[in-house]
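Pasted below: input-v8.txt, compact mmCIF, C-alpha atoms (C1' of nucleotides).
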# COMPACT_ATOMS: atom_id res chain seq x y z
CA MET Q 1 -32.94 40.21 -11.69
CA THR Q 2 -36.10 38.25 -12.38
CA SER Q 3 -34.30 36.04 -14.81
CA THR Q 4 -35.81 32.88 -16.11
CA ARG Q 5 -34.06 30.08 -14.30
CA ARG Q 6 -34.12 26.39 -14.83
CA GLN Q 7 -36.01 24.57 -12.17
CA ARG Q 8 -33.74 21.53 -12.37
CA THR Q 9 -31.08 22.66 -9.93
CA GLY Q 10 -31.82 26.27 -9.24
CA PRO Q 11 -29.64 29.04 -7.93
CA ARG Q 12 -29.27 27.54 -4.43
CA GLY Q 13 -29.54 30.22 -1.85
CA GLY Q 14 -28.21 27.82 0.81
CA ASP Q 15 -24.97 26.41 2.11
CA THR Q 16 -23.63 24.60 -0.91
CA ARG Q 17 -20.29 23.71 0.58
CA GLY Q 18 -21.90 22.43 3.73
CA ASP Q 19 -24.41 20.37 1.78
CA ILE Q 20 -21.63 18.72 -0.16
CA LEU Q 21 -19.66 18.02 2.98
CA ARG Q 22 -22.61 16.43 4.72
CA ALA Q 23 -23.45 14.27 1.73
CA ALA Q 24 -19.81 13.24 1.38
CA ARG Q 25 -19.54 12.32 5.05
CA GLU Q 26 -22.54 10.11 4.75
CA SER Q 27 -21.47 8.42 1.56
CA PHE Q 28 -17.86 7.83 2.59
CA GLY Q 29 -19.21 6.47 5.85
CA GLU Q 30 -21.68 4.14 4.24
CA LYS Q 31 -19.81 2.96 1.21
CA GLY Q 32 -16.13 3.63 1.73
CA TYR Q 33 -13.71 5.68 -0.28
CA ASP Q 34 -13.60 4.14 -3.72
CA THR Q 35 -17.22 3.11 -3.89
CA THR Q 36 -18.15 6.74 -3.32
CA SER Q 37 -18.13 8.83 -6.48
CA MET Q 38 -18.10 12.57 -6.60
CA ARG Q 39 -21.09 12.33 -8.90
CA ALA Q 40 -23.08 10.45 -6.28
CA VAL Q 41 -22.07 12.96 -3.62
CA ALA Q 42 -23.17 15.81 -5.85
CA ARG Q 43 -26.47 14.12 -6.57
CA ALA Q 44 -27.14 13.50 -2.87
CA ALA Q 45 -26.28 17.10 -2.08
CA GLY Q 46 -28.46 18.36 -4.90
CA VAL Q 47 -25.66 20.21 -6.64
CA ASP Q 48 -23.75 19.93 -9.87
CA VAL Q 49 -20.69 17.68 -10.00
CA ALA Q 50 -18.42 20.48 -11.01
CA LEU Q 51 -19.18 22.29 -7.77
CA VAL Q 52 -17.59 19.51 -5.80
CA SER Q 53 -14.32 20.10 -7.58
CA TYR Q 54 -14.88 23.81 -7.30
CA TYR Q 55 -15.16 23.76 -3.51
CA PHE Q 56 -12.84 20.95 -2.60
CA GLY Q 57 -10.42 20.59 -5.48
CA SER Q 58 -10.09 16.83 -5.67
CA LYS Q 59 -11.73 13.74 -4.32
CA ASP Q 60 -8.81 13.23 -1.95
CA GLN Q 61 -9.21 16.68 -0.50
CA LEU Q 62 -12.93 16.18 -0.14
CA PHE Q 63 -12.20 12.99 1.75
CA ALA Q 64 -9.68 14.74 3.97
CA ALA Q 65 -12.19 17.47 4.76
CA THR Q 66 -14.71 14.78 5.64
CA MET Q 67 -12.29 13.17 8.04
CA GLU Q 68 -11.64 16.18 10.18
CA LEU Q 69 -13.00 15.32 13.56
CA PRO Q 70 -14.84 17.98 15.51
CA VAL Q 71 -13.61 16.47 18.76
CA SER Q 72 -10.39 15.87 20.60
CA PRO Q 73 -10.13 12.21 21.61
CA SER Q 74 -7.40 12.99 24.12
CA GLU Q 75 -9.62 15.39 26.00
CA LEU Q 76 -12.49 12.94 26.10
CA ILE Q 77 -10.23 10.25 27.42
CA ASP Q 78 -8.90 12.50 30.12
CA ARG Q 79 -12.43 13.32 31.16
CA ALA Q 80 -13.36 9.65 31.33
CA PHE Q 81 -10.61 9.26 33.91
CA ASP Q 82 -11.77 12.26 35.94
CA ALA Q 83 -13.56 10.18 38.54
CA GLY Q 84 -10.49 8.03 39.04
CA VAL Q 85 -9.07 5.02 37.26
CA ASP Q 86 -11.31 2.70 39.24
CA GLU Q 87 -14.40 3.90 37.48
CA ALA Q 88 -12.90 4.59 34.10
CA GLY Q 89 -13.94 1.29 32.49
CA PRO Q 90 -17.65 1.94 32.04
CA ARG Q 91 -17.07 5.62 31.41
CA LEU Q 92 -14.73 4.86 28.55
CA VAL Q 93 -17.24 2.54 26.95
CA ASP Q 94 -19.92 5.19 27.29
CA THR Q 95 -17.76 7.96 25.85
CA PHE Q 96 -16.62 5.76 22.99
CA LEU Q 97 -20.10 4.62 22.00
CA ARG Q 98 -21.45 8.15 22.20
CA LEU Q 99 -18.94 9.25 19.61
CA TRP Q 100 -20.07 6.56 17.20
CA ASP Q 101 -23.76 7.09 17.91
CA ASP Q 102 -23.54 10.83 17.36
CA PRO Q 103 -24.62 11.78 13.83
CA GLU Q 104 -22.07 14.58 13.90
CA THR Q 105 -19.02 12.44 14.61
CA GLY Q 106 -20.11 8.86 13.97
CA PRO Q 107 -20.01 8.86 10.16
CA ALA Q 108 -16.46 10.18 10.20
CA PHE Q 109 -15.35 7.30 12.40
CA VAL Q 110 -17.07 4.79 10.19
CA ALA Q 111 -15.47 6.29 7.11
CA LEU Q 112 -12.10 6.38 8.78
CA PHE Q 113 -12.29 2.75 9.77
CA ARG Q 114 -13.59 1.64 6.39
CA SER Q 115 -10.73 3.15 4.49
CA ALA Q 116 -8.18 2.04 7.06
CA ALA Q 117 -9.29 -1.50 6.36
CA SER Q 118 -8.65 -1.38 2.64
CA HIS Q 119 -6.20 1.45 1.98
CA GLU Q 120 -2.66 1.05 3.26
CA PRO Q 121 -1.83 4.75 3.79
CA SER Q 122 -5.10 5.17 5.69
CA ARG Q 123 -4.27 2.10 7.76
CA GLU Q 124 -1.00 3.65 8.83
CA MET Q 125 -2.74 6.88 9.77
CA PHE Q 126 -5.34 4.95 11.68
CA ALA Q 127 -2.84 2.74 13.51
CA GLU Q 128 -0.78 5.78 14.36
CA SER Q 129 -3.81 7.65 15.70
CA ILE Q 130 -4.99 4.74 17.81
CA SER Q 131 -1.51 4.23 19.09
CA THR Q 132 -0.66 7.77 20.13
CA ALA Q 133 -3.98 9.48 20.71
CA ILE Q 134 -5.77 6.56 22.32
CA VAL Q 135 -3.58 3.78 23.64
CA ASN Q 136 -0.76 5.93 24.92
CA ARG Q 137 -3.26 8.34 26.39
CA TYR Q 138 -4.97 5.56 28.28
CA ALA Q 139 -1.60 4.39 29.48
CA THR Q 140 -0.71 7.72 31.07
CA HIS Q 141 -3.68 7.33 33.39
CA LEU Q 142 -2.73 3.83 34.49
CA PRO Q 143 -0.65 3.08 37.56
CA ASP Q 144 1.85 1.03 35.56
CA HIS Q 145 1.53 3.01 32.31
CA SER Q 146 1.00 -0.31 30.58
CA THR Q 147 0.33 0.00 26.87
CA ARG Q 148 -0.57 -3.65 26.96
CA ARG Q 149 -3.48 -3.02 29.28
CA ALA Q 150 -4.46 -0.05 27.18
CA SER Q 151 -4.49 -1.99 23.94
CA LEU Q 152 -6.51 -4.81 25.40
CA ALA Q 153 -9.03 -2.18 26.38
CA ALA Q 154 -8.89 -0.77 22.87
CA SER Q 155 -9.48 -4.21 21.39
CA GLN Q 156 -12.78 -4.56 23.23
CA LEU Q 157 -13.91 -1.10 22.19
CA ILE Q 158 -13.01 -1.63 18.56
CA GLY Q 159 -14.74 -4.99 18.57
CA LEU Q 160 -17.97 -3.42 19.74
CA ALA Q 161 -17.72 -0.67 17.16
CA VAL Q 162 -17.07 -3.12 14.34
CA LEU Q 163 -20.05 -5.32 15.12
CA ARG Q 164 -22.37 -2.43 15.90
CA TYR Q 165 -21.52 0.20 13.31
CA ILE Q 166 -19.65 -1.56 10.54
CA MET Q 167 -21.03 -5.09 10.31
CA LYS Q 168 -24.35 -4.18 11.90
CA LEU Q 169 -24.77 -7.50 13.67
CA THR Q 170 -28.30 -7.93 14.91
CA PRO Q 171 -27.93 -8.52 18.64
CA VAL Q 172 -25.38 -5.74 19.03
CA VAL Q 173 -27.11 -3.03 17.03
CA GLU Q 174 -30.30 -3.59 18.96
CA MET Q 175 -28.76 -3.27 22.40
CA THR Q 176 -28.90 0.14 24.02
CA ARG Q 177 -25.77 2.05 24.81
CA ASP Q 178 -26.42 1.60 28.52
CA GLU Q 179 -26.67 -2.14 28.17
CA LEU Q 180 -23.35 -2.27 26.37
CA VAL Q 181 -21.78 -0.04 28.98
CA ALA Q 182 -23.03 -2.33 31.71
CA ASP Q 183 -21.83 -5.47 29.95
CA ALA Q 184 -18.51 -4.33 28.56
CA GLY Q 185 -17.62 -1.79 31.23
CA PRO Q 186 -16.30 -4.43 33.65
CA THR Q 187 -14.19 -5.91 30.87
CA LEU Q 188 -12.50 -2.56 30.30
CA GLN Q 189 -12.08 -2.12 34.03
CA ARG Q 190 -10.36 -5.46 34.38
CA TYR Q 191 -8.02 -4.70 31.50
CA LEU Q 192 -7.12 -1.35 33.04
CA THR Q 193 -6.71 -2.18 36.70
CA GLY Q 194 -7.55 -5.83 37.24
CA PRO Q 195 -5.27 -8.86 37.54
CA LEU Q 196 -3.61 -9.91 34.29
CA THR Q 197 -1.06 -12.53 33.49
CA ASP Q 198 2.47 -11.34 33.22
CA MET P 199 3.00 -29.89 -32.68
CA THR P 200 6.25 -28.04 -32.37
CA SER P 201 4.61 -24.79 -33.24
CA THR P 202 6.33 -21.48 -32.89
CA ARG P 203 4.87 -19.77 -29.86
CA ARG P 204 5.12 -16.26 -28.52
CA GLN P 205 7.32 -15.98 -25.52
CA ARG P 206 5.32 -13.10 -24.05
CA THR P 207 2.86 -15.20 -22.14
CA GLY P 208 3.45 -18.68 -23.43
CA PRO P 209 1.22 -21.71 -23.59
CA ARG P 210 1.14 -22.18 -19.83
CA GLY P 211 1.46 -25.82 -19.05
CA GLY P 212 0.47 -25.14 -15.45
CA ASP P 213 -2.58 -24.56 -13.35
CA THR P 214 -4.04 -21.42 -14.87
CA ARG P 215 -7.20 -21.44 -12.85
CA GLY P 216 -5.28 -21.97 -9.64
CA ASP P 217 -2.83 -19.21 -10.47
CA ILE P 218 -5.66 -16.77 -10.99
CA LEU P 219 -7.35 -17.85 -7.77
CA ARG P 220 -4.19 -17.39 -5.74
CA ALA P 221 -3.49 -13.99 -7.21
CA ALA P 222 -7.08 -12.94 -6.61
CA ARG P 223 -7.01 -14.10 -3.00
CA GLU P 224 -3.93 -12.04 -2.36
CA SER P 225 -5.20 -8.93 -4.08
CA PHE P 226 -8.68 -9.03 -2.55
CA GLY P 227 -7.02 -9.62 0.80
CA GLU P 228 -4.60 -6.76 0.49
CA LYS P 229 -6.63 -4.17 -1.28
CA GLY P 230 -10.28 -5.05 -0.91
CA TYR P 231 -12.93 -5.69 -3.50
CA ASP P 232 -13.21 -2.58 -5.60
CA THR P 233 -9.57 -1.59 -5.53
CA THR P 234 -8.79 -4.97 -7.06
CA SER P 235 -9.17 -5.04 -10.82
CA MET P 236 -9.41 -8.16 -12.92
CA ARG P 237 -6.63 -6.74 -15.03
CA ALA P 238 -4.35 -6.51 -12.02
CA VAL P 239 -5.22 -10.03 -10.95
CA ALA P 240 -4.45 -11.32 -14.43
CA ARG P 241 -1.14 -9.48 -14.45
CA ALA P 242 -0.16 -10.89 -11.06
CA ALA P 243 -1.11 -14.38 -12.16
CA GLY P 244 0.78 -13.98 -15.43
CA VAL P 245 -2.22 -14.68 -17.61
CA ASP P 246 -4.35 -12.78 -20.05
CA VAL P 247 -7.30 -10.77 -18.72
CA ALA P 248 -9.79 -12.64 -20.84
CA LEU P 249 -8.87 -15.86 -19.08
CA VAL P 250 -10.19 -14.52 -15.82
CA SER P 251 -13.59 -14.07 -17.36
CA TYR P 252 -13.19 -17.39 -19.12
CA TYR P 253 -12.61 -19.32 -15.89
CA PHE P 254 -14.72 -17.41 -13.43
CA GLY P 255 -17.32 -15.59 -15.49
CA SER P 256 -17.47 -12.33 -13.62
CA LYS P 257 -15.59 -10.40 -10.99
CA ASP P 258 -18.26 -11.23 -8.46
CA GLN P 259 -17.93 -14.94 -9.10
CA LEU P 260 -14.17 -14.70 -8.87
CA PHE P 261 -14.57 -13.02 -5.53
CA ALA P 262 -16.99 -15.65 -4.30
CA ALA P 263 -14.54 -18.41 -5.29
CA THR P 264 -11.83 -16.58 -3.38
CA MET P 265 -13.88 -16.47 -0.22
CA GLU P 266 -14.48 -20.18 0.19
CA LEU P 267 -12.99 -21.21 3.51
CA PRO P 268 -11.15 -24.50 3.94
CA VAL P 269 -12.48 -25.00 7.47
CA SER P 270 -15.75 -25.50 9.26
CA PRO P 271 -16.14 -22.89 11.99
CA SER P 272 -19.05 -24.74 13.55
CA GLU P 273 -16.96 -27.82 14.17
CA LEU P 274 -14.17 -25.84 15.74
CA ILE P 275 -16.60 -24.09 18.02
CA ASP P 276 -18.13 -27.35 19.12
CA ARG P 277 -14.71 -28.68 19.96
CA ALA P 278 -13.89 -25.58 22.01
CA PHE P 279 -16.88 -26.45 24.15
CA ASP P 280 -15.85 -30.09 24.55
CA ALA P 281 -14.39 -29.61 28.02
CA GLY P 282 -17.54 -27.89 29.19
CA VAL P 283 -18.85 -24.38 29.00
CA ASP P 284 -16.88 -23.37 32.08
CA GLU P 285 -13.59 -23.65 30.27
CA ALA P 286 -14.73 -22.54 26.84
CA GLY P 287 -13.61 -18.91 27.18
CA PRO P 288 -9.86 -19.35 26.83
CA ARG P 289 -10.29 -22.23 24.41
CA LEU P 290 -12.36 -20.10 22.08
CA VAL P 291 -9.75 -17.37 22.09
CA ASP P 292 -7.07 -19.91 21.32
CA THR P 293 -9.01 -21.56 18.50
CA PHE P 294 -9.92 -18.21 17.01
CA LEU P 295 -6.40 -16.83 17.03
CA ARG P 296 -4.99 -20.04 15.58
CA LEU P 297 -7.23 -19.65 12.57
CA TRP P 298 -5.91 -16.16 11.90
CA ASP P 299 -2.32 -17.11 12.61
CA ASP P 300 -2.42 -20.08 10.26
CA PRO P 301 -1.00 -19.21 6.83
CA GLU P 302 -3.50 -21.60 5.26
CA THR P 303 -6.63 -19.99 6.63
CA GLY P 304 -5.52 -16.57 7.90
CA PRO P 305 -5.31 -14.74 4.56
CA ALA P 306 -8.83 -15.77 3.63
CA PHE P 307 -10.13 -14.31 6.88
CA VAL P 308 -8.26 -11.09 6.33
CA ALA P 309 -9.61 -10.87 2.80
CA LEU P 310 -13.11 -11.62 3.98
CA PHE P 311 -12.99 -8.95 6.64
CA ARG P 312 -11.39 -6.34 4.41
CA SER P 313 -14.00 -6.58 1.76
CA ALA P 314 -16.82 -6.90 4.26
CA ALA P 315 -15.78 -3.49 5.51
CA SER P 316 -16.18 -1.77 2.17
CA HIS P 317 -18.40 -3.90 -0.04
CA GLU P 318 -22.03 -4.14 0.91
CA PRO P 319 -22.76 -7.61 -0.51
CA SER P 320 -19.68 -8.91 1.29
CA ARG P 321 -20.79 -7.25 4.47
CA GLU P 322 -24.08 -9.08 4.28
CA MET P 323 -22.30 -12.37 3.68
CA PHE P 324 -19.99 -11.68 6.57
CA ALA P 325 -22.72 -10.61 8.98
CA GLU P 326 -24.77 -13.62 7.99
CA SER P 327 -21.82 -15.96 8.56
CA ILE P 328 -20.97 -14.49 11.93
CA SER P 329 -24.58 -14.58 12.93
CA THR P 330 -25.45 -18.14 12.02
CA ALA P 331 -22.15 -19.99 12.02
CA ILE P 332 -20.62 -18.28 15.03
CA VAL P 333 -22.99 -16.46 17.32
CA ASN P 334 -25.87 -18.88 17.08
CA ARG P 335 -23.47 -21.77 17.42
CA TYR P 336 -22.03 -20.32 20.60
CA ALA P 337 -25.52 -19.81 21.88
CA THR P 338 -26.49 -23.46 21.54
CA HIS P 339 -23.77 -24.33 24.03
CA LEU P 340 -24.91 -21.81 26.61
CA PRO P 341 -27.32 -22.60 29.44
CA ASP P 342 -29.64 -19.77 28.46
CA HIS P 343 -28.95 -19.90 24.70
CA SER P 344 -28.33 -16.18 24.88
CA THR P 345 -27.28 -14.65 21.57
CA ARG P 346 -26.48 -11.55 23.54
CA ARG P 347 -23.79 -13.32 25.53
CA ALA P 348 -22.55 -14.90 22.34
CA SER P 349 -22.24 -11.63 20.50
CA LEU P 350 -20.44 -9.92 23.33
CA ALA P 351 -17.95 -12.77 23.13
CA ALA P 352 -17.72 -12.28 19.38
CA SER P 353 -17.08 -8.57 19.85
CA GLN P 354 -13.98 -9.25 21.94
CA LEU P 355 -12.65 -11.78 19.45
CA ILE P 356 -13.23 -9.52 16.47
CA GLY P 357 -11.58 -6.64 18.29
CA LEU P 358 -8.44 -8.67 18.85
CA ALA P 359 -8.38 -9.79 15.23
CA VAL P 360 -8.82 -6.27 13.94
CA LEU P 361 -5.98 -4.81 15.97
CA ARG P 362 -3.68 -7.77 15.44
CA TYR P 363 -4.21 -8.77 11.81
CA ILE P 364 -5.85 -5.81 10.10
CA MET P 365 -4.54 -2.68 11.77
CA LYS P 366 -1.37 -4.34 13.03
CA LEU P 367 -1.19 -2.34 16.23
CA THR P 368 2.17 -2.67 17.88
CA PRO P 369 1.42 -3.94 21.35
CA VAL P 370 -1.07 -6.50 20.08
CA VAL P 371 0.92 -7.94 17.19
CA GLU P 372 3.87 -8.49 19.45
CA MET P 373 2.02 -10.41 22.11
CA THR P 374 2.07 -14.18 21.86
CA ARG P 375 -1.07 -16.14 21.31
CA ASP P 376 -0.80 -17.58 24.80
CA GLU P 377 -0.60 -14.16 26.36
CA LEU P 378 -3.72 -13.07 24.55
CA VAL P 379 -5.49 -16.25 25.56
CA ALA P 380 -4.57 -15.62 29.17
CA ASP P 381 -5.65 -11.98 29.08
CA ALA P 382 -8.82 -12.20 26.99
CA GLY P 383 -9.89 -15.71 27.98
CA PRO P 384 -11.51 -14.56 31.24
CA THR P 385 -13.38 -11.86 29.34
CA LEU P 386 -14.91 -14.45 27.06
CA GLN P 387 -15.69 -16.65 30.03
CA ARG P 388 -17.51 -13.87 31.79
CA TYR P 389 -19.54 -13.06 28.70
CA LEU P 390 -20.50 -16.71 28.30
CA THR P 391 -21.30 -17.75 31.83
CA GLY P 392 -20.60 -14.84 34.19
CA PRO P 393 -22.99 -12.34 35.71
CA LEU P 394 -24.37 -9.79 33.25
CA THR P 395 -26.92 -7.08 33.66
CA ASP P 396 -30.34 -7.79 32.40
C1' DG I 397 -21.13 30.64 -8.34
C1' DT I 398 -23.15 27.64 -11.28
C1' DC I 399 -23.42 24.89 -15.22
C1' DT I 400 -22.13 22.45 -19.97
C1' DA I 401 -18.99 19.99 -22.43
C1' DT I 402 -15.33 17.28 -22.86
C1' DA I 403 -10.82 15.33 -22.23
C1' DG I 404 -8.43 11.31 -20.70
C1' DA I 405 -8.14 7.00 -17.90
C1' DC I 406 -9.58 2.79 -16.47
C1' DG I 407 -12.67 -0.89 -15.62
C1' DG I 408 -15.77 -5.13 -16.90
C1' DA I 409 -17.25 -7.95 -20.28
C1' DT I 410 -17.80 -10.22 -24.92
C1' DA I 411 -16.96 -11.83 -29.89
C1' DG I 412 -14.18 -14.21 -32.55
C1' DA I 413 -9.57 -15.60 -34.54
C1' DC I 414 -6.12 -18.94 -33.71
C1' DG X 415 -7.38 -22.71 -23.93
C1' DT X 416 -5.46 -18.68 -25.13
C1' DC X 417 -5.19 -14.20 -27.06
C1' DT X 418 -6.64 -9.73 -29.82
C1' DA X 419 -9.72 -6.31 -30.48
C1' DT X 420 -13.32 -3.75 -29.11
C1' DC X 421 -17.69 -1.97 -27.07
C1' DC X 422 -19.61 0.40 -23.43
C1' DG X 423 -19.79 2.15 -19.11
C1' DT X 424 -18.09 5.14 -15.22
C1' DC X 425 -15.07 7.93 -13.22
C1' DT X 426 -11.99 12.37 -12.06
C1' DA X 427 -10.83 16.64 -13.49
C1' DT X 428 -10.64 20.88 -16.20
C1' DA X 429 -11.79 24.66 -19.58
C1' DG X 430 -14.82 27.91 -20.48
C1' DA X 431 -19.67 29.86 -21.24
C1' DC X 432 -23.20 32.13 -18.61

Step by step, read the file and then write its structure as structure tokens.
Amino acid sequence: MTSTRRQRTGPRGGDTRGDILRAARESFGEKGYDTTSMRAVARAAGVDVALVSYYFGSKDQLFAATMELPVSPSELIDRAFDAGVDEAGPRLVDTFLRLWDDPETGPAFVALFRSAASHEPSREMFAESISTAIVNRYATHLPDHSTRRASLAASQLIGLAVLRYIMKLTPVVEMTRDELVADAGPTLQRYLTGPLTD
Amino acid sequence: MTSTRRQRTGPRGGDTRGDILRAARESFGEKGYDTTSMRAVARAAGVDVALVSYYFGSKDQLFAATMELPVSPSELIDRAFDAGVDEAGPRLVDTFLRLWDDPETGPAFVALFRSAASHEPSREMFAESISTAIVNRYATHLPDHSTRRASLAASQLIGLAVLRYIMKLTPVVEMTRDELVADAGPTLQRYLTGPLTD
DNA sequence: GTCTATAGACGGATAGAC
DNA sequence: GTCTATCCGTCTATAGAC
């Protein structure tokens, strides 16, 4: 042992793979897929570029690894309906915003949305996910199983997320989660159980 | 005159600048800023790459030219408030959706949004536009000039646009404009003039 | 496991001939 | 106005030394 080592990067006792993954999550989340380079990820993680390929193979695979969500949306939705459909509106808003606020899960959502907006295959994945895992799941909890009600609800949630986490619009980013729940909760509730046109 | 000319690209009697602009609009709209290359734009327009630089200088300037909207949002907003703030909700939804449905203006909005989602300078432009031209404009028509009310309204509109025109989610794309106006109109109305928490 | 070196593409932009 | 040729940069990915 006792070898003379460069001080530039060092031998890294730590979690190299994890460091890369964290850096990638952040960069994909902030800048999107194509603006993010493996070099930049490596730099942010404090590792050599070649290690990114070494651990993840390709940029696509790195991205895929980044996208794996540590949560099950279906479960969360079910739980939001636990207290009955008549109180689900605000609870859904709260659950939804918590996911985006959470530093563990938020960046993945941002990254997912960003690429869905500019990358056709991602868009299909995204639309499919929203459709089956979210909208249809909402619908199962509704008296009339209406996907129309469910997607109206989804539209309000997505709108909040876009302004707050993607576009970072001043009044919305500055509001607290509780304020948003209080303001948008009734909207969700009306979409789910209130009177709509037919 | 009467010179022998190559048939590969030809002398182009037509509107070269316009052809480039149209091709760029489409590509930026479909694929976003960085996925769009000047080479691809030139190919789609049927012109030489160098002409893109010749007419627009840089990729950034080409993009900026692409983004110029043929409508004044402020005016449209004012008109939606013509019948009084108590009926503005549904009218705003209608006006907003018409803009996105219109083949003249819709593609520019899609392009604007797409690149705003993945290109930081565009995001700033977009956020700035929404903030001043939309949210603040709404606010001037409200009794309490609340930008918070205005941005909640904006969140619902943006959410509809995202699901309908960007992500193309089945239940939402299939609904008619009138249905959406009827369903989301009351939401807007409540955000503008209804009871909110403080 | 970590790094150097390099191959191989592609992109933006410019100079200059026609 | 249009095109050719080219410079220079950045990127992904891999081969191979340590």

Identical-sequence pair chain Q and chain P: C-alpha RMSD when superposed in order: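 Result of the CA superposition: 1.3 Å.
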
For chain X, work out the contacting residues on chain Q at 12 Å, counting only C-alpha atoms (C1' of nucleotides), and write them as a short mmCIF file (atom, residue, chain, number, x, y, z; two decimals) with C-alpha atoms, in the coordinates of the input.
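What landed in iface-v2.cif:
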data_model
loop_
_atom_site.label_atom_id
_atom_site.label_comp_id
_atom_site.auth_asym_id
_atom_site.auth_seq_id
_atom_site.Cartn_x
_atom_site.Cartn_y
_atom_site.Cartn_z
CA ARG Q 5 -34.06 30.08 -14.30
CA ASP Q 34 -13.60 4.14 -3.72
CA THR Q 35 -17.22 3.11 -3.89
CA THR Q 36 -18.15 6.74 -3.32
CA SER Q 37 -18.13 8.83 -6.48
CA MET Q 38 -18.10 12.57 -6.60
CA ARG Q 39 -21.09 12.33 -8.90
CA ALA Q 40 -23.08 10.45 -6.28
CA VAL Q 49 -20.69 17.68 -10.00
CA ALA Q 50 -18.42 20.48 -11.01
CA LEU Q 51 -19.18 22.29 -7.77
CA VAL Q 52 -17.59 19.51 -5.80
CA SER Q 53 -14.32 20.10 -7.58
CA TYR Q 54 -14.88 23.81 -7.30
CA PHE Q 56 -12.84 20.95 -2.60
CA GLY Q 57 -10.42 20.59 -5.48
CA SER Q 58 -10.09 16.83 -5.67
CA LYS Q 59 -11.73 13.74 -4.32
CA ASP Q 60 -8.81 13.23 -1.95
#

List as CSV every residue of chain Q that is in contact with chain P, defined as an atom at most 8 Å from one of its atoms (using only C-alpha atoms), together with the nearest atom pair and the distance in Å rounded to one decimal, sorted by chain and then rising number.
residue,atom,partner,partner_atom,distance
Q:Lys31,CA,P:Ser316,CA,6.0
Q:Gly32,CA,P:Ser316,CA,5.4
Q:Asp34,CA,P:Asp232,CA,7.0
Q:Thr35,CA,P:Asp232,CA,7.2
Q:Arg114,CA,P:Ala315,CA,5.6
Q:Ser115,CA,P:Ser316,CA,7.7
Q:Ala116,CA,P:Met365,CA,7.6
Q:Ala117,CA,P:Arg312,CA,5.6
Q:Ser118,CA,P:Lys229,CA,5.2
Q:His119,CA,P:Lys229,CA,6.5
Q:Glu120,CA,P:Lys229,CA,8.0
Q:Arg123,CA,P:Met365,CA,6.2
Q:Glu124,CA,P:Met365,CA,7.8
Q:Phe126,CA,P:Met365,CA,7.7
Q:Ala127,CA,P:Met365,CA,5.9
Q:Ser131,CA,P:Leu367,CA,7.2
Q:Thr147,CA,P:Pro369,CA,6.9
Q:Arg148,CA,P:Pro369,CA,6.0
Q:Ser151,CA,P:Pro369,CA,6.7
Q:Leu152,CA,P:Val370,CA,7.8
Q:Ala154,CA,P:Gly357,CA,7.9
Q:Ser155,CA,P:Gly357,CA,4.5
Q:Gln156,CA,P:Gln354,CA,5.0
Q:Leu157,CA,P:Gly357,CA,7.2
Q:Ile158,CA,P:Gly357,CA,5.2
Q:Gly159,CA,P:Gly357,CA,3.6
Q:Leu160,CA,P:Ser353,CA,5.2
Q:Val162,CA,P:Gly357,CA,7.6
Q:Leu163,CA,P:Ser353,CA,6.5
Q:Ile166,CA,P:Ala315,CA,6.6
Q:Met167,CA,P:Ala325,CA,5.9
Q:Lys168,CA,P:Ala325,CA,7.2
Q:Leu169,CA,P:Ala325,CA,6.0
Q:Thr170,CA,P:Ser329,CA,7.9
Q:Pro171,CA,P:Arg346,CA,5.9
Q:Val172,CA,P:Ser349,CA,6.8
Q:Glu179,CA,P:Thr395,CA,7.4
Q:Ala182,CA,P:Thr395,CA,6.4
Q:Asp183,CA,P:Leu394,CA,6.0
Q:Ala184,CA,P:Leu350,CA,7.9
Q:Thr187,CA,P:Thr385,CA,6.2
Q:Leu196,CA,P:Asp381,CA,6.0
Q:Thr197,CA,P:Ala380,CA,6.4

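Near chain Q, within 9 Å and using all atoms listed in the file, the residues of chain I are DG397, DT398 and DC399 of chain I.
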
Let me know the centre plus edge lengths, in Å and rounded to one decimal, of a box with edges along x, y and z that contains all listed atoms of stretch 417-432 of chain X and is padded by 8 Å on every side, as AutoDock Vina command-line options.
--center_x -14.2 --center_y 9.0 --center_z -21.3 --size_x 34.0 --size_y 62.3 --size_z 34.4

Å distance separating atom CA of P:Arg296 from atom CA of P:Leu219, one decimal place: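 Going from atom CA of P:Arg296 over to atom CA of P:Leu219, I get 23.6 Å.
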
Separation of atom CA of P:Arg375 from atom CA of P:Glu266, in Å and rounded to one decimal: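 These atoms are spaced 25.3 Å apart.
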
Polymer residues at most 8 Å from stretch 23-26 of chain Q, only C-alpha atoms (C1' of nucleotides), same-chain spacing of 4 or more positions, as a ChimeraX atom specification: /Q:19,30,41-42,44-45,62-63,66-67,107-108,111
